[in-house]
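Note: the block below is my_file16.txt and it holds compact mmCIF, C-alpha atoms and all ligand atoms.
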```
# COMPACT_ATOMS: atom_id res chain seq x y z
CA MET A 1 -66.40 -32.83 45.12
CA ASN A 2 -62.86 -32.51 46.43
CA VAL A 3 -63.05 -32.65 50.21
CA GLY A 4 -60.28 -32.17 52.77
CA ILE A 5 -60.90 -33.97 56.08
CA THR A 6 -59.00 -33.38 59.29
CA CYS A 7 -59.49 -35.36 62.48
CA TYR A 8 -57.62 -36.91 65.37
CA PRO A 9 -56.28 -40.00 63.64
CA THR A 10 -55.92 -42.10 66.79
CA TYR A 11 -58.60 -44.15 68.55
CA GLY A 12 -61.66 -42.12 69.48
CA GLY A 13 -65.15 -41.61 68.19
CA SER A 14 -64.55 -38.38 66.29
CA GLY A 15 -61.64 -39.85 64.30
CA ILE A 16 -63.64 -42.97 63.53
CA VAL A 17 -66.63 -40.98 62.27
CA ALA A 18 -64.35 -38.76 60.14
CA THR A 19 -62.60 -41.77 58.65
CA GLU A 20 -65.80 -43.67 57.90
CA LEU A 21 -67.26 -40.51 56.38
CA GLY A 22 -64.23 -40.15 54.11
CA LEU A 23 -64.51 -43.77 53.03
CA GLU A 24 -68.23 -43.45 52.29
CA LEU A 25 -67.69 -40.21 50.34
CA ALA A 26 -64.91 -41.80 48.27
CA ASN A 27 -67.21 -44.72 47.60
CA ARG A 28 -69.74 -42.28 46.21
CA GLY A 29 -67.19 -40.79 43.79
CA HIS A 30 -65.76 -37.85 45.76
CA ASN A 31 -62.03 -37.25 46.14
CA VAL A 32 -61.16 -37.24 49.80
CA HIS A 33 -57.93 -35.81 51.21
CA PHE A 34 -57.12 -36.64 54.83
CA ILE A 35 -54.82 -34.02 56.33
CA SER A 36 -53.43 -35.04 59.70
CA TYR A 37 -50.29 -36.00 61.63
CA ALA A 38 -50.87 -39.74 61.14
CA ASN A 39 -52.87 -42.04 58.92
CA PRO A 40 -56.34 -42.48 60.51
CA ILE A 41 -56.49 -45.86 62.23
CA ARG A 42 -59.41 -47.35 60.37
CA LEU A 43 -58.06 -46.28 56.99
CA ASP A 44 -56.64 -49.25 55.13
CA PRO A 45 -54.16 -48.29 52.38
CA GLY A 46 -54.84 -48.36 48.65
CA ILE A 47 -58.48 -47.24 48.56
CA PRO A 48 -59.45 -45.41 45.34
CA ARG A 49 -60.02 -41.65 45.64
CA ILE A 50 -58.60 -41.55 49.18
CA HIS A 51 -55.45 -39.47 49.67
CA TYR A 52 -53.46 -38.90 52.82
CA HIS A 53 -51.33 -35.83 53.49
CA GLU A 54 -49.12 -35.97 56.53
CA VAL A 55 -48.52 -32.84 58.58
CA GLU A 56 -44.86 -32.52 59.54
CA VAL A 57 -44.27 -30.52 62.69
CA SER A 58 -40.68 -29.29 62.79
CA THR A 59 -39.26 -28.60 66.20
CA TYR A 60 -36.71 -25.99 67.18
CA PRO A 61 -35.00 -25.48 70.53
CA LEU A 62 -37.11 -22.38 71.05
CA PHE A 63 -40.38 -24.29 70.67
CA GLN A 64 -41.25 -25.76 74.01
CA PHE A 65 -44.57 -26.69 72.41
CA PRO A 66 -44.27 -27.42 68.65
CA PRO A 67 -47.04 -25.43 66.92
CA TYR A 68 -49.03 -28.28 65.28
CA CYS A 69 -51.98 -25.98 64.72
CA LEU A 70 -49.88 -23.73 62.44
CA ALA A 71 -48.20 -26.60 60.58
CA LEU A 72 -51.68 -28.03 59.99
CA ALA A 73 -52.97 -24.69 58.66
CA SER A 74 -50.05 -24.46 56.22
CA ARG A 75 -50.62 -28.01 55.00
CA MET A 76 -54.37 -27.43 54.63
CA ALA A 77 -53.75 -24.37 52.46
CA GLU A 78 -51.14 -26.23 50.40
CA VAL A 79 -53.40 -29.25 49.80
CA ALA A 80 -56.40 -27.03 49.06
CA GLU A 81 -54.48 -25.22 46.35
CA GLY A 82 -52.67 -28.24 44.96
CA TYR A 83 -55.74 -30.47 44.77
CA ASN A 84 -58.38 -27.83 44.17
CA LEU A 85 -60.37 -28.61 47.32
CA ASP A 86 -63.96 -27.40 47.42
CA LEU A 87 -64.03 -27.34 51.19
CA LEU A 88 -62.42 -28.52 54.40
CA HIS A 89 -64.36 -30.61 56.90
CA VAL A 90 -62.78 -30.66 60.34
CA HIS A 91 -63.78 -32.97 63.17
CA TYR A 92 -63.37 -31.80 66.75
CA ALA A 93 -63.27 -28.05 67.24
CA ILE A 94 -59.87 -27.61 68.89
CA PRO A 95 -57.48 -27.00 67.21
CA HIS A 96 -58.75 -28.17 63.82
CA SER A 97 -61.26 -25.42 63.14
CA ILE A 98 -58.74 -22.73 64.04
CA SER A 99 -56.25 -24.23 61.57
CA ALA A 100 -58.97 -24.40 58.91
CA MET A 101 -59.85 -20.77 59.55
CA LEU A 102 -56.21 -19.76 59.07
CA ALA A 103 -55.96 -21.82 55.87
CA ARG A 104 -59.14 -20.18 54.55
CA ASP A 105 -57.81 -16.71 55.35
CA MET A 106 -54.39 -17.48 53.86
CA LEU A 107 -56.03 -18.32 50.53
CA ALA A 108 -58.74 -15.65 50.64
CA ALA A 109 -57.05 -13.38 48.09
CA LYS A 110 -56.84 -16.23 45.57
CA ARG A 111 -59.80 -18.51 46.12
CA ARG A 112 -62.66 -19.40 48.42
CA LEU A 113 -62.10 -22.27 50.84
CA PRO A 114 -65.08 -22.70 53.19
CA PHE A 115 -64.85 -25.07 56.12
CA VAL A 116 -67.34 -27.14 58.07
CA THR A 117 -66.74 -27.99 61.73
CA THR A 118 -68.34 -31.09 63.21
CA LEU A 119 -68.60 -31.03 66.97
CA HIS A 120 -68.43 -34.46 68.57
CA GLY A 121 -68.82 -34.09 72.31
CA THR A 122 -65.82 -33.62 74.52
CA ASP A 123 -64.66 -30.74 72.30
CA ILE A 124 -67.69 -28.89 73.73
CA THR A 125 -68.53 -30.57 77.03
CA LEU A 126 -64.99 -30.98 78.43
CA VAL A 127 -62.26 -29.24 76.41
CA GLY A 128 -64.39 -26.37 75.12
CA ALA A 129 -65.91 -25.70 78.51
CA ASP A 130 -62.42 -25.50 80.07
CA ARG A 131 -61.67 -21.81 80.84
CA SER A 132 -58.44 -21.84 78.84
CA TYR A 133 -60.14 -23.04 75.66
CA PHE A 134 -63.59 -21.49 76.06
CA PRO A 135 -63.05 -18.22 74.11
CA ILE A 136 -61.19 -19.89 71.23
CA THR A 137 -63.77 -22.68 70.95
CA ARG A 138 -66.59 -20.13 70.74
CA PHE A 139 -64.60 -18.12 68.18
CA SER A 140 -63.95 -21.24 66.08
CA ILE A 141 -67.66 -22.09 66.01
CA GLU A 142 -68.64 -18.53 65.10
CA ARG A 143 -66.10 -18.35 62.29
CA SER A 144 -66.93 -21.73 60.72
CA ASP A 145 -68.80 -21.60 57.41
CA GLY A 146 -70.90 -24.51 58.61
CA VAL A 147 -71.30 -26.29 61.94
CA THR A 148 -72.79 -29.70 62.57
CA THR A 149 -73.28 -31.68 65.76
CA VAL A 150 -73.70 -35.43 66.11
CA SER A 151 -76.84 -35.14 68.26
CA GLU A 152 -79.61 -32.75 69.18
CA TYR A 153 -78.30 -32.89 72.75
CA LEU A 154 -74.92 -31.56 71.61
CA ARG A 155 -76.53 -28.82 69.54
CA THR A 156 -78.51 -27.63 72.56
CA GLN A 157 -75.42 -27.78 74.78
CA THR A 158 -73.33 -25.84 72.26
CA VAL A 159 -75.89 -23.04 72.10
CA LYS A 160 -76.39 -23.06 75.88
CA VAL A 161 -72.71 -23.14 76.87
CA PHE A 162 -71.29 -20.85 74.17
CA GLY A 163 -74.25 -18.64 73.37
CA VAL A 164 -73.45 -18.88 69.66
CA THR A 165 -76.09 -17.71 67.22
CA ASN A 166 -74.98 -19.32 63.95
CA GLU A 167 -77.10 -22.11 62.52
CA ILE A 168 -76.03 -25.54 63.76
CA ARG A 169 -77.13 -28.54 61.73
CA VAL A 170 -77.68 -31.86 63.51
CA ILE A 171 -76.35 -34.74 61.41
CA ARG A 172 -76.32 -37.81 63.59
CA ASN A 173 -73.61 -40.43 63.40
CA PHE A 174 -74.04 -43.32 61.02
CA VAL A 175 -73.05 -46.93 60.59
CA ASN A 176 -72.37 -49.08 57.58
CA CYS A 177 -74.99 -51.80 58.10
CA GLU A 178 -73.37 -54.10 55.55
CA MET A 179 -70.09 -54.08 57.39
CA TYR A 180 -71.63 -54.07 60.87
CA ARG A 181 -74.07 -56.97 60.81
CA PRO A 182 -75.32 -59.71 63.13
CA GLU A 183 -73.66 -63.08 63.28
CA PRO A 184 -76.31 -65.17 65.06
CA GLU A 185 -74.12 -68.29 65.24
CA ARG A 186 -71.33 -66.39 67.03
CA HIS A 187 -68.76 -68.81 65.61
CA GLU A 188 -65.78 -67.02 67.11
CA ALA A 189 -67.21 -66.36 70.57
CA ARG A 190 -65.41 -69.38 72.01
CA TYR A 191 -62.14 -67.89 70.92
CA TYR A 192 -62.74 -64.98 73.29
CA SER A 193 -64.60 -66.88 76.01
CA PRO A 194 -62.74 -70.13 76.66
CA LEU A 195 -65.42 -71.42 79.05
CA GLY A 196 -68.17 -70.78 76.52
CA ASP A 197 -69.83 -68.08 78.64
CA LYS A 198 -71.91 -65.42 76.88
CA LEU A 199 -69.91 -62.31 76.06
CA LEU A 200 -70.36 -58.74 77.25
CA ILE A 201 -68.36 -56.17 75.32
CA HIS A 202 -67.16 -52.66 76.09
CA ILE A 203 -65.42 -50.45 73.52
CA SER A 204 -63.92 -47.07 74.32
CA ASN A 205 -60.81 -44.98 74.73
CA PHE A 206 -60.77 -45.83 78.47
CA ARG A 207 -61.01 -42.20 79.57
CA PRO A 208 -62.53 -41.40 83.00
CA VAL A 209 -65.72 -40.13 81.28
CA LYS A 210 -66.36 -43.73 80.11
CA ARG A 211 -66.58 -45.11 83.70
CA VAL A 212 -64.71 -48.21 82.57
CA LEU A 213 -64.50 -49.56 86.13
CA ASP A 214 -68.29 -49.86 86.15
CA CYS A 215 -67.97 -52.50 83.42
CA VAL A 216 -65.91 -54.69 85.73
CA ARG A 217 -68.34 -54.07 88.61
CA ILE A 218 -71.28 -54.96 86.33
CA LEU A 219 -69.59 -58.20 85.30
CA TYR A 220 -68.99 -59.03 88.98
CA GLU A 221 -72.69 -58.50 89.77
CA VAL A 222 -73.86 -60.39 86.68
CA ARG A 223 -71.73 -63.41 87.49
CA LYS A 224 -73.55 -63.79 90.83
CA GLU A 225 -76.61 -64.72 88.72
CA THR A 226 -75.36 -66.20 85.46
CA PRO A 227 -72.05 -67.00 83.71
CA ALA A 228 -70.59 -64.23 81.54
CA HIS A 229 -67.27 -63.11 80.12
CA LEU A 230 -66.31 -59.46 79.54
CA LEU A 231 -64.35 -58.28 76.50
CA MET A 232 -62.70 -54.91 76.96
CA VAL A 233 -61.73 -53.31 73.64
CA GLY A 234 -59.55 -50.20 73.53
CA ASP A 235 -56.92 -48.64 75.71
CA GLY A 236 -56.34 -45.54 77.78
CA PRO A 237 -55.71 -44.29 81.31
CA GLU A 238 -58.42 -46.37 83.01
CA ARG A 239 -57.23 -49.71 81.65
CA GLY A 240 -54.69 -50.30 84.43
CA PRO A 241 -57.18 -49.50 87.21
CA ALA A 242 -59.76 -51.77 85.51
CA GLU A 243 -57.25 -54.64 85.42
CA VAL A 244 -56.47 -54.11 89.10
CA LEU A 245 -60.18 -54.02 89.98
CA ALA A 246 -60.80 -57.26 88.08
CA ARG A 247 -58.13 -58.93 90.23
CA GLU A 248 -59.50 -57.40 93.44
CA LEU A 249 -62.97 -58.73 92.65
CA ALA A 250 -61.43 -62.07 91.61
CA VAL A 251 -63.02 -61.96 88.14
CA GLU A 252 -59.77 -61.53 86.19
CA LYS A 253 -60.25 -64.95 84.53
CA HIS A 254 -63.55 -63.70 83.18
CA VAL A 255 -62.29 -60.45 81.64
CA THR A 256 -60.18 -60.18 78.48
CA PHE A 257 -58.49 -56.89 77.66
CA LEU A 258 -58.03 -56.91 73.88
CA GLY A 259 -56.45 -53.46 73.59
CA LYS A 260 -56.95 -51.34 70.48
CA GLN A 261 -58.61 -53.15 67.59
CA SER A 262 -58.86 -51.91 64.01
CA HIS A 263 -61.74 -54.16 63.04
CA VAL A 264 -64.31 -54.03 65.80
CA GLU A 265 -66.97 -55.12 63.31
CA ARG A 266 -65.46 -58.62 63.56
CA VAL A 267 -65.58 -58.74 67.36
CA ILE A 268 -68.89 -57.04 68.24
CA PRO A 269 -71.21 -59.64 66.64
CA GLN A 270 -69.70 -62.31 68.91
CA ALA A 271 -71.12 -60.55 71.97
CA HIS A 272 -74.59 -60.69 73.53
CA VAL A 273 -74.63 -57.27 75.19
CA LEU A 274 -72.67 -54.01 74.87
CA LEU A 275 -71.89 -52.08 78.05
CA LEU A 276 -71.76 -48.29 77.83
CA PRO A 277 -71.79 -46.99 81.42
CA SER A 278 -70.45 -43.50 80.50
CA GLU A 279 -70.77 -40.40 82.61
CA LEU A 280 -71.56 -38.51 79.40
CA GLU A 281 -71.92 -39.35 75.70
CA ALA A 282 -72.85 -36.78 73.09
CA PHE A 283 -73.91 -39.68 70.91
CA GLY A 284 -72.42 -43.10 71.79
CA LEU A 285 -71.03 -44.48 68.55
CA ALA A 286 -70.10 -47.84 70.09
CA ALA A 287 -73.78 -48.36 70.97
CA LEU A 288 -74.79 -47.72 67.36
CA GLU A 289 -72.15 -50.11 66.01
CA ALA A 290 -73.40 -52.76 68.44
CA MET A 291 -77.04 -52.15 67.49
CA ALA A 292 -76.20 -52.63 63.82
CA CYS A 293 -74.72 -55.99 64.82
CA GLY A 294 -77.91 -56.89 66.68
CA VAL A 295 -76.17 -56.56 70.04
CA PRO A 296 -78.40 -54.62 72.45
CA PRO A 297 -76.66 -51.93 74.53
CA VAL A 298 -77.09 -51.53 78.26
CA ALA A 299 -76.13 -47.88 78.59
CA THR A 300 -76.54 -44.88 80.83
CA ARG A 301 -79.27 -42.29 80.35
CA THR A 302 -76.97 -39.42 79.54
CA GLY A 303 -76.32 -36.84 76.81
CA GLY A 304 -77.51 -37.92 73.38
CA VAL A 305 -77.72 -41.67 74.03
CA SER A 306 -81.51 -41.63 74.23
CA GLU A 307 -81.64 -40.22 70.67
CA LEU A 308 -80.29 -43.59 69.63
CA VAL A 309 -81.41 -46.17 72.18
CA THR A 310 -85.11 -46.48 73.02
CA ASP A 311 -85.20 -47.76 76.58
CA GLY A 312 -86.80 -51.18 76.81
CA VAL A 313 -87.06 -51.53 73.02
CA SER A 314 -83.64 -51.40 71.36
CA GLY A 315 -81.58 -51.52 74.56
CA PHE A 316 -81.74 -50.45 78.19
CA LEU A 317 -80.91 -47.07 79.76
CA GLU A 318 -80.14 -46.75 83.45
CA PRO A 319 -78.81 -43.93 85.66
CA VAL A 320 -75.09 -43.13 85.58
CA GLY A 321 -73.29 -45.09 88.30
CA ASP A 322 -76.20 -47.41 89.04
CA VAL A 323 -74.24 -50.63 88.62
CA ALA A 324 -76.94 -52.80 90.19
CA ALA A 325 -79.60 -51.60 87.73
CA GLN A 326 -77.30 -52.05 84.72
CA ALA A 327 -76.27 -55.52 85.92
CA ALA A 328 -79.93 -56.52 86.35
CA ARG A 329 -80.63 -55.53 82.72
CA VAL A 330 -77.65 -57.55 81.53
CA VAL A 331 -78.82 -60.59 83.49
CA ALA A 332 -82.28 -60.28 81.92
CA LEU A 333 -80.77 -60.19 78.42
CA LEU A 334 -78.47 -63.14 79.09
CA THR A 335 -81.14 -65.35 80.62
CA ASP A 336 -84.26 -64.53 78.60
CA ASP A 337 -83.69 -65.59 74.98
CA GLY A 338 -87.02 -64.16 73.83
CA LEU A 339 -86.20 -60.73 75.26
CA HIS A 340 -82.72 -60.82 73.75
CA GLN A 341 -84.03 -61.76 70.33
CA ARG A 342 -86.70 -59.01 70.34
CA MET A 343 -84.23 -56.37 71.45
CA SER A 344 -81.54 -57.54 69.08
CA GLN A 345 -83.97 -57.27 66.16
CA ALA A 346 -85.21 -53.82 67.25
CA ALA A 347 -81.63 -52.62 67.61
CA ARG A 348 -80.69 -53.77 64.11
CA GLU A 349 -83.87 -52.24 62.67
CA THR A 350 -83.13 -48.89 64.33
CA ALA A 351 -79.64 -48.88 62.83
CA LEU A 352 -81.00 -49.77 59.40
CA GLU A 353 -83.94 -47.39 59.41
CA GLN A 354 -82.45 -44.32 61.07
CA PHE A 355 -78.65 -44.45 61.07
CA ALA A 356 -77.52 -46.34 57.97
CA SER A 357 -74.69 -44.58 56.13
CA SER A 358 -76.77 -44.72 52.94
CA GLN A 359 -79.22 -42.31 54.62
CA VAL A 360 -76.84 -40.07 56.51
CA ILE A 361 -74.01 -39.49 53.99
CA PRO A 362 -76.33 -37.67 51.54
CA MET A 363 -77.10 -35.23 54.39
CA TYR A 364 -73.42 -34.31 54.50
CA GLU A 365 -73.29 -34.02 50.72
CA GLN A 366 -76.27 -31.67 50.72
CA TYR A 367 -74.77 -29.66 53.53
CA TYR A 368 -71.46 -29.33 51.68
CA GLU A 369 -73.32 -28.10 48.58
CA ALA A 370 -75.22 -25.54 50.66
CA VAL A 371 -72.07 -24.27 52.38
CA CYS A 372 -70.16 -24.02 49.09
CA SER A 373 -72.92 -22.15 47.32
CA ARG A 374 -73.47 -19.58 50.10
O1 LIG B 1 -64.63 -39.77 74.36
C1 LIG B 1 -64.84 -40.27 73.27
O2 LIG B 1 -65.66 -41.17 73.07
C2 LIG B 1 -64.10 -39.76 72.12
C3 LIG B 1 -64.85 -38.65 71.54
C4 LIG B 1 -64.12 -38.10 70.39
O3 LIG B 1 -64.44 -36.98 70.08
O4 LIG B 1 -63.23 -38.68 69.82
O5 LIG B 1 -66.17 -39.15 71.25
C5 LIG B 1 -67.21 -38.25 71.05
O6 LIG B 1 -67.53 -38.39 69.68
C6 LIG B 1 -68.13 -39.62 69.31
C7 LIG B 1 -68.34 -39.64 67.79
O7 LIG B 1 -69.17 -38.60 67.39
C8 LIG B 1 -69.44 -39.80 70.07
O8 LIG B 1 -70.05 -41.04 69.70
C9 LIG B 1 -69.14 -39.82 71.57
O9 LIG B 1 -70.37 -39.88 72.27
C10 LIG B 1 -68.40 -38.55 71.96
N1 LIG B 1 -67.92 -38.73 73.35
C11 LIG B 1 -68.40 -38.02 74.36
O10 LIG B 1 -69.27 -37.18 74.26
C12 LIG B 1 -67.81 -38.35 75.69
```
Just give me the structure as C-alpha cells.
Ligand code: GMT
Amino acid sequence: MNVGITCYPTYGGSGIVATELGLELANRGHNVHFISYANPIRLDPGIPRIHYHEVEVSTYPLFQFPPYCLALASRMAEVAEGYNLDLLHVHYAIPHSISAMLARDMLAAKRRLPFVTTLHGTDITLVGADRSYFPITRFSIERSDGVTTVSEYLRTQTVKVFGVTNEIRVIRNFVNCEMYRPEPERHEARYYSPLGDKLLIHISNFRPVKRVLDCVRILYEVRKETPAHLLMVGDGPERGPAEVLARELAVEKHVTFLGKQSHVERVIPQAHVLLLPSELEAFGLAALEAMACGVPPVATRTGGVSELVTDGVSGFLEPVGDVAAQAARVVALLTDDGLHQRMSQAARETALEQFASSQVIPMYEQYYEAVCSR
C-alpha cells in the first residue's frame, strides 16, 4: 500500500509510535510518506520505501498565527495525488485529523482518500477535553474513516468524554523486540554511573503529567537503603525544577540528565529499573520499551498502564504520588537478585508475546484494508 503518515515529529510518544510504525510498514514492503513540518526524530535517512515531505508554512504580516493546519492539508492532498496514496494515517487528533479531513474533501471529486486517526492520550485527556478544543476534537473523531486508540482505557475515555458513536478499534502500542533487547552484562552502565551504582532510568518529555520530580524524590528515598544512580532521558519544562530538586536533596551527583536521545534502545538495557511515576498514561510506551529490554518498570496505577504491566509479575504499580511505595519497590528490585531476574524475564516475555511489532503491525495492515474497502 501507499500510506501517508502525519505525526508530531519531535520527542513524544505519539511521534515515536508513528515513526516506528512507518519503519515497520516500509520493512514489510509498503511505501510510506511522512508528511510533517520536520523529519521525525527517530527516522534515520536513506531507508528504502520511506519518503519525507516537509510542510512549509509561509508567514505574512497579517498572520499572527501561521495556519499550519491548512498548509498541512494542502501538502497532504498534493502528496496523495502525486504518490497515489491509498490512505492517510494521522497520529494525535489535533490538528492532524482536521487537516486530513480537508485533504480528503479537497480530492473528493477526483479520488477517494480515507484517513485513519490514532488517538494517543493527551489529545483526548488534556487537549481534547479543553473547552476550546472539545467540539473540534469530537468532530475530527466523528469524521475520521477509522479511529484507533492505543489502549482499552483510552477507547473507554474517548467514548465517555466525547459521546462518539463510531467504532473505535484498540490497537495497542508495539515494540521491536529485536532492537529493544536485554543486555544482561550491562557493559556500558559504568559509563553512566561512575561509582558503579545500579541504574534507574526515566524517559519522557518532562511535562507536568509525567511527575518528573517524583523520580528525584524516589531516588532520594532509595539511596537511604541502597546505592543507586538515576538517568533522566528527555527534556521539557520540568527538567529545570528536577535539577533544582536534585541539588536541594543533595543527590545531584547521583542523577545524570542526558537530554533528548535518539537511540534509547542503547541506554535502557544498562538500567535495572524504569521509573514511570506519571499522573496519567494512556499507554506508557517507555514502560513497554523497558520491558522488552528486560528492565522492570515501577509505575503508577493509572490510565492504560495496567493493560501492559501486571503488578507483581512484570513490574510494580503503585498509587500516583506515593513516592514511599514506589521507592520501596525499587529497593526490593535492586537488592533481591532473584526477584529482579524473575520480573525481568516476565517483562521481556510480555513484550514478546503480546506487544511485539511482528504481531501488532499486521493489525494495522488489516485495519487499513478494511477502511479502504468500506
Ligand atoms: O505525554 C506524552 O507521553 C506524549 C504523548 C504523545 O501523544 O506524544 O504520549 C501519549 O502517547 C504515547 C504513545 O501512544 C503513550 O504511550 C502515552 O501514554 C501517552 N501519554 C499520555 O497519555 C500522558
Please report, as a tab-separated table, each residue of range 139-258 of chain A lying at most 8 Å from range 286-289 of chain A, together with the nearest pair of atoms and the separation in Å rounded to one decimal; use only C-alpha atoms, and order rows by chain and ascending residue number.
```
residue	atom	partner	partner_atom	distance
A:Phe174	CA	A:Leu288	CA	7.8
A:Val175	CA	A:Glu289	CA	6.3
A:Tyr180	CA	A:Glu289	CA	6.5
A:Ile203	CA	A:Ala286	CA	6.4
A:Ser204	CA	A:Ala286	CA	7.5
```
To check your reading of the model: which residues sit at most 7 Å from ligand LIG 1 (chain B) when counting only C-alpha atoms and all ligand atoms? Write the answer as a short mmCIF file (atom, residue, chain, number, x, y, z; two decimals) with C-alpha atoms, in the frame of the given file.
```cif
data_model
loop_
_atom_site.label_atom_id
_atom_site.label_comp_id
_atom_site.auth_asym_id
_atom_site.auth_seq_id
_atom_site.Cartn_x
_atom_site.Cartn_y
_atom_site.Cartn_z
CA GLY A 12 -61.66 -42.12 69.48
CA GLY A 13 -65.15 -41.61 68.19
CA SER A 14 -64.55 -38.38 66.29
CA GLY A 15 -61.64 -39.85 64.30
CA VAL A 17 -66.63 -40.98 62.27
CA TYR A 92 -63.37 -31.80 66.75
CA HIS A 120 -68.43 -34.46 68.57
CA GLY A 121 -68.82 -34.09 72.31
CA THR A 122 -65.82 -33.62 74.52
CA ASP A 123 -64.66 -30.74 72.30
CA VAL A 150 -73.70 -35.43 66.11
CA ASN A 173 -73.61 -40.43 63.40
CA SER A 204 -63.92 -47.07 74.32
CA ASN A 205 -60.81 -44.98 74.73
CA ARG A 207 -61.01 -42.20 79.57
CA VAL A 209 -65.72 -40.13 81.28
CA LEU A 280 -71.56 -38.51 79.40
CA GLU A 281 -71.92 -39.35 75.70
CA ALA A 282 -72.85 -36.78 73.09
CA PHE A 283 -73.91 -39.68 70.91
CA GLY A 284 -72.42 -43.10 71.79
CA LEU A 285 -71.03 -44.48 68.55
CA ALA A 286 -70.10 -47.84 70.09
#
```
Selection: 10 Å around range 222-238 of chain A, all atoms listed in the file, excl. self and same-chain fewer than 6 positions, as a PyMOL selection string: chain A and resi 11-12+192-213+215-216+251-262+264+267-268+271-275+323-324+326-332+334-335
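Picture a line from CA of Leu87 in chain A to CA of Met1 in chain A; it runs 8.5 Å.
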Box along x, y and z, 5 Å on every side, all listed atoms of range 124-133 of chain A inside: centre and edge lengths in Å to one decimal, as AutoDock Vina command-line options.
```
--center_x -63.5 --center_y -26.4 --center_z 77.3 --size_x 20.1 --size_y 19.2 --size_z 17.1
```
Neighbour residues at most 8 Å from (-84.5, -49.2, 68.6) (all atoms listed in the file) as a count of residues only: 13
Atomic distance CA of His96 in chain A - CA of Ser140 in chain A, expressed in Å with one decimal: 9.0 Å
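Nearest to Phe316 in chain A of all the residues A:Val3, A:Ala292, A:Val32, A:Leu276 is A:Leu276, counting all atoms listed in the file.
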Residues of range 28-83 of chain A at most 12 Å from range 363-366 of chain A: nearest atom pair and distance in Å, all atoms listed in the file, as a Markdown table:
```
| residue | atom | partner | partner_atom | distance |
| --- | --- | --- | --- | --- |
| A:Arg28 | CA | A:Glu365 | CA | 10.1 |
| A:Gly29 | CA | A:Glu365 | CA | 11.4 |
| A:His30 | CA | A:Glu365 | CA | 9.8 |
```
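Separating CA of Arg143 in chain A from CA of Gly163 in chain A is a distance of 13.8 Å.
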